[in-house]
Amino acid sequence: MKSLSHTVWRMGALGATLVVATAGATLAQDKALTIGLTADPSHLYPLAGEELSSNIMYYHLYDPLVSRSPELEFGPGLAESWETVDPTTWRFKLREGVTFHNGNAFTASDVVFTVEKARASIRPDLVASIASVTAIDDLTVEIKTPTPYAVLPNDLAELLILDEEYTTATGDEQMDLKPMGTGPYKLEEWIKEERLVLSAFDDYWGGAPKIKTVTFRPITNPATRTAALLTGEVDVVQDLAVRDVDRVRNEEGFEVITRPSLLNVVLAMDTRPESPTIEGPNPMVDQRVREAIARAIDVDAINKIVMNGLATPSTQYVPASHLGYVDGMDFRQMYPVDIDKAKALMAEAGFPDGFTMTLDATNNRYVNDAQIAQALASMLAKINVTLNLNIMPKSNFWGYIRVPSDNSSFIMSGWDVPSGDAGSMYAALFYSRDKKEGYGQVNRSSYSNPEVDALVDKADATPDVAERDAILQEATKLLMADIPMIPVHYEQDIYGVRDGVKLTPRTDKFLSAFEMDIE
Amino acid sequence: MLGYLLKRLFQMLLVLWVVSLVVFLMMSFTGDPVFMIVPIDATDSEIEQARRILGLDKSLPVQYWIFISSLLQGDFGQSYVFRQPAMALILERMPATIEMVVVAMVLAVVVAIPLGVYAGANPNGRLSRMIMAGSLLGISLPGFWVGMVLIYLFAVHWGIFPSSGRGDTAEVFGLRISLATWDGWHHIALPAITLSLGTMAILLRMTRAGMMEVARQDYMKFARAKGATRHDVLYKHGLKNALIPVVTIFGLQLGDLIAFATITETIFSWPGMGKLLIDSIYRADRPVIVVYLMLVALIFVVINFLVDIIYTLIDPRITLK
């Protein structure tokens, strides 16, 4: 470690000499990049809240103990290595010689401070898997989990480390405006809604960033974003509008980069004996009815007609990169579109004439969400299920569908698991409600299967990742057979990039200038 | 005059109080802001903690009481989303909006008044008809469409103007002003034109109607008869008398543009305060919405007051009581 920090230091010194020697030339060669985002960040203080633009800034300014690669692989971050002492005790060896942007040294007490600070903040969920944390020495921390928990490092990739001294002195409100982390970039200037400029932190422990200045510009209107790319005002745009994809592709000097996102659009079916929007007994208690609904939904047609081909049909509840994914298992092959079979299943279950229920969906949260809901209504009509649509903006939606979902029978929402682990999703969405604190809190289907509960418990009791993976795969198989929810598709993340900019999109959608380069 | 001022002041306080009350009540029907802030898999205790931190755990009347009593101490409350003082969020975005609106309004007046006078004085001329047809377009074309077309033509196709943003600014009396730099003018041109079109058309039509009305008056003929030039008759005798309704509309439009320039701001990603209002409505960020709308009410009251004073300057027969 020592040697690495020395090299970094020497490289820094060399850089300084060069700057002195050829000040003008170096300045001209400094790589600068302008990125058009969909929105201005709300925060620069990681404990103040969470949304995409803020997340992007957090990871430029701060570092977590455990880093997360663009492909969701987890590796050393501010922690160099870690080991389990016993099933609930982890010891993290911290990187030596790391400094915050103000020159303060990064030590174990900063980690302890961050955990305690998060606990009292609006984001206690960040440290939900941590029972206690102690500093063993300046560069070693010991973290205890409430129960054996194999994926603690994955969770830690979301906890960004604060400088104890600076954060205490600055206060929560000002932290949003004057961030101070160990990350690859420092805040240069932030003019709200206009631009946010970051400059490279040349003493960064991971090496000096290649791009020296990054300017983020919030451009909310999709068409304006495209125009700004085409006029050369920005080099990269996030969320290129679907209708502009062909236009940008055909333009000389630009490139469109797409990749499936992590966000799985899912349909939750109520499994209670009586459901708020269904008269009489709830048919969806019967697995055959749930299967019939699955078979009536033509995801490929939705992709073609509603999504312009820019969606990836989901094969399971989590993507292939995640723990708990069963290789080769495909929901679309298990339940291919088959109206006759679906009708037969409905008849077998005793509902040949179908039934009526309401679908709750958003109109401003997912790509073409309201149109997907309309498509679902016409598809389910073929098996005599009459779908009334209850479509609302997201500001009303989350409170409306909230568990115990007193208003809902059938809900369309999205779910992503950036921690790369099906366990957290299964615990939140499929674990029986009200059995255990922190489990089943978003179980919108009111699904309850003792076998699934037992598997989730078992997964959350092993400190071994491979074992956890195996247990979660069992749970996946059970769930895919029982169908408490129908996975629909992953949206596509679409970027527009000018030639010469090297961008590999991240699965978690967090644009990172540190990972980019300009030719 | 003093009595008039006091009466106006009292009315203003009443208006502000009603606005705050209405917004508070309205917001209780929209979504629960806490769900806009916590992650979707938050547990009950995490949601409760967030509620407590934001002060949403108290009943609505108590929340309103806290809001009003801190308001009297000069504290306008904190945004749920940004966790920053609501007033500061609005004020830091305000100069950009005011600047764009001022340019748009000046543009509108400079174009609309002469054209309106001309069209009113020569109602049957060919040029007048073209002006009127143009003004009809100005009223009926929606701002977002005009903005997109301008961006497409002037930024993407011809590359004359930048598509969006505010450009360089210079500091004047501590405020960041883009009108002080060439790059700033370059950036403000398209949004200001987009914003001005509607107002321009309305002012033009008001001026024309007023001019046609006064042109029939006897004093116009007398003025002409005593030997005043046509230009003097139109602009000195005619325009002054035709101006009262124009000033009224001007005041209302000014307030309207400052408060709700949202669409133009969004299209040109102009960093003004209108966008803040829309974002806050989407996120159910009540503290910002309340303060914003109270500020808007204040702006309207002040503008109306100024308009009243301008009436007395234009027409000495009018007095303020």
# chains A, B, ... in the order shown; residues from 1 in each chain; ligands from 1

$ residues_around --residues "Val18 (chain B)" --least-positions-apart "6" --cutoff "10 Å" --atoms "only C-alpha atoms" --output "compact mmCIF listing (two decimals) with C-alpha atoms, in the first residue's frame"
# COMPACT_ATOMS: atom_id res chain seq x y z
CA MET B 12 -51.89 42.48 0.88
CA PHE B 24 -51.74 24.26 3.03
CA MET B 294 -47.03 33.81 -1.37

$ residues_around --residues "Thr271 (chain A)" --least-positions-apart "5" --cutoff "10 Å" --atoms "only C-alpha atoms" --output "PDB file with N, CA and C atoms, in the first residue's frame"
ATOM      1  N   ASN A 282     -61.372 -13.359  -4.020  1.00  0.00           N
ATOM      2  CA  ASN A 282     -60.293 -12.941  -4.912  1.00  0.00           C
ATOM      3  C   ASN A 282     -59.760 -14.129  -5.724  1.00  0.00           C
ATOM      4  N   PRO A 283     -60.003 -14.148  -7.034  1.00  0.00           N
ATOM      5  CA  PRO A 283     -59.560 -15.286  -7.861  1.00  0.00           C
ATOM      6  C   PRO A 283     -58.044 -15.477  -7.847  1.00  0.00           C
ATOM      7  N   MET A 284     -57.293 -14.404  -7.604  1.00  0.00           N
ATOM      8  CA  MET A 284     -55.837 -14.500  -7.727  1.00  0.00           C
ATOM      9  C   MET A 284     -55.195 -15.238  -6.566  1.00  0.00           C
ATOM     10  N   VAL A 285     -56.025 -15.701  -5.604  1.00  0.00           N
ATOM     11  CA  VAL A 285     -55.502 -16.581  -4.562  1.00  0.00           C
ATOM     12  C   VAL A 285     -55.001 -17.855  -5.225  1.00  0.00           C
ATOM     13  N   ASP A 286     -55.654 -18.225  -6.326  1.00  0.00           N
ATOM     14  CA  ASP A 286     -55.340 -19.462  -7.042  1.00  0.00           C
ATOM     15  C   ASP A 286     -54.148 -19.248  -7.974  1.00  0.00           C
ATOM     16  N   GLN A 287     -53.150 -20.107  -7.840  1.00  0.00           N
ATOM     17  CA  GLN A 287     -51.966 -19.962  -8.679  1.00  0.00           C
ATOM     18  C   GLN A 287     -52.337 -20.047 -10.161  1.00  0.00           C
ATOM     19  N   ARG A 290     -53.208 -16.727 -11.535  1.00  0.00           N
ATOM     20  CA  ARG A 290     -52.011 -15.897 -11.692  1.00  0.00           C
ATOM     21  C   ARG A 290     -51.246 -16.313 -12.951  1.00  0.00           C
ATOM     22  N   SER A 409     -55.400  -4.049  -5.801  1.00  0.00           N
ATOM     23  CA  SER A 409     -55.423  -5.466  -6.113  1.00  0.00           C
ATOM     24  C   SER A 409     -54.295  -5.831  -7.059  1.00  0.00           C
ATOM     25  N   PHE A 410     -53.946  -4.866  -7.928  1.00  0.00           N
ATOM     26  CA  PHE A 410     -53.037  -5.170  -9.016  1.00  0.00           C
ATOM     27  C   PHE A 410     -52.209  -3.904  -9.222  1.00  0.00           C
ATOM     28  N   ARG A 444     -46.471  -6.131  -1.660  1.00  0.00           N
ATOM     29  CA  ARG A 444     -47.711  -5.567  -2.195  1.00  0.00           C
ATOM     30  C   ARG A 444     -48.685  -6.637  -2.634  1.00  0.00           C
ATOM     31  N   SER A 445     -48.217  -7.874  -2.783  1.00  0.00           N
ATOM     32  CA  SER A 445     -49.122  -8.955  -3.154  1.00  0.00           C
ATOM     33  C   SER A 445     -49.713  -9.595  -1.906  1.00  0.00           C
ATOM     34  N   SER A 446     -49.312  -9.135  -0.733  1.00  0.00           N
ATOM     35  CA  SER A 446     -49.659  -9.804   0.528  1.00  0.00           C
ATOM     36  C   SER A 446     -49.331 -11.285   0.416  1.00  0.00           C
ATOM     37  N   TYR A 447     -48.267 -11.582  -0.268  1.00  0.00           N
ATOM     38  CA  TYR A 447     -47.895 -12.966  -0.530  1.00  0.00           C
ATOM     39  C   TYR A 447     -47.340 -13.577   0.736  1.00  0.00           C
ATOM     40  N   SER A 448     -47.704 -14.808   0.995  1.00  0.00           N
ATOM     41  CA  SER A 448     -47.159 -15.465   2.179  1.00  0.00           C
ATOM     42  C   SER A 448     -46.919 -16.922   1.870  1.00  0.00           C
ATOM     43  N   PRO A 484     -46.054 -14.773  -7.491  1.00  0.00           N
ATOM     44  CA  PRO A 484     -46.712 -13.697  -6.749  1.00  0.00           C
ATOM     45  C   PRO A 484     -46.664 -12.378  -7.529  1.00  0.00           C
TER      46      PRO A 484
END

$ interface_residues --of "chain B" --to "chain A" --cutoff "9 Å" --atoms "only C-alpha atoms" --output "PyMOL selection string"
chain B and resi 30-47+49-51+53-54+81-85+89+92-93+148+151-152+155-157+159+162-167+266-272+275-276+281-284

$ residues_around --residues "Ile161 (chain A)" --least-positions-apart "6" --cutoff "7 Å" --atoms "only C-alpha atoms" --output "PyMOL selection string"
chain A and resi 62-64+110-111+114

$ residues_around --residues "Val15 (chain B)" --least-positions-apart "6" --cutoff "9 Å" --atoms "only C-alpha atoms" --output "PyMOL selection string"
chain B and resi 294+297-298+301

$ select_by_dssp --residues "region 108-292 of chain B" --states "helix (DSSP H, G or I)" --output "number ranges by chain"
B: 108-121, 126-140, 143-157, 182-215, 218-225, 230-259, 262-267, 274-282, 286-292

$ residues_around --residues "Pro336 (chain A)" --least-positions-apart "5" --cutoff "9 Å" --atoms "only C-alpha atoms" --output "list in words"
Ala294, Arg295, Ala296, Ile297, Asp298 and Phe331 of chain A

$ residues_around --residues "Lys343 (chain A)" --least-positions-apart "5" --cutoff "8 Å" --atoms "only C-alpha atoms" --output "PyMOL selection string"
chain A and resi 292+352+383

$ write_last_selection --atoms "C-alpha atoms" --output "compact mmCIF listing (two decimals), in the first residue's frame"
# COMPACT_ATOMS: atom_id res chain seq x y z
CA ALA A 292 -53.38 -17.31 -16.72
CA PRO A 352 -64.48 -19.04 -16.90
CA ILE A 383 -59.14 -13.78 -20.96

$ atom_distance --atom1 "CA of Asn363 (chain A)" --atom2 "CA of Ser140 (chain B)"
27.9 Å

$ atom_distance --atom1 "CA of Arg249 (chain A)" --atom2 "CA of Gly496 (chain A)"
8.7 Å

$ select_by_dssp --residues "region 222-438 of chain A" --states "strand (DSSP E or B)" --output "VMD selection string"
chain A and resid 236 to 237 254 to 269 311 to 313 323 355 to 362 385 to 392 410 to 415 421
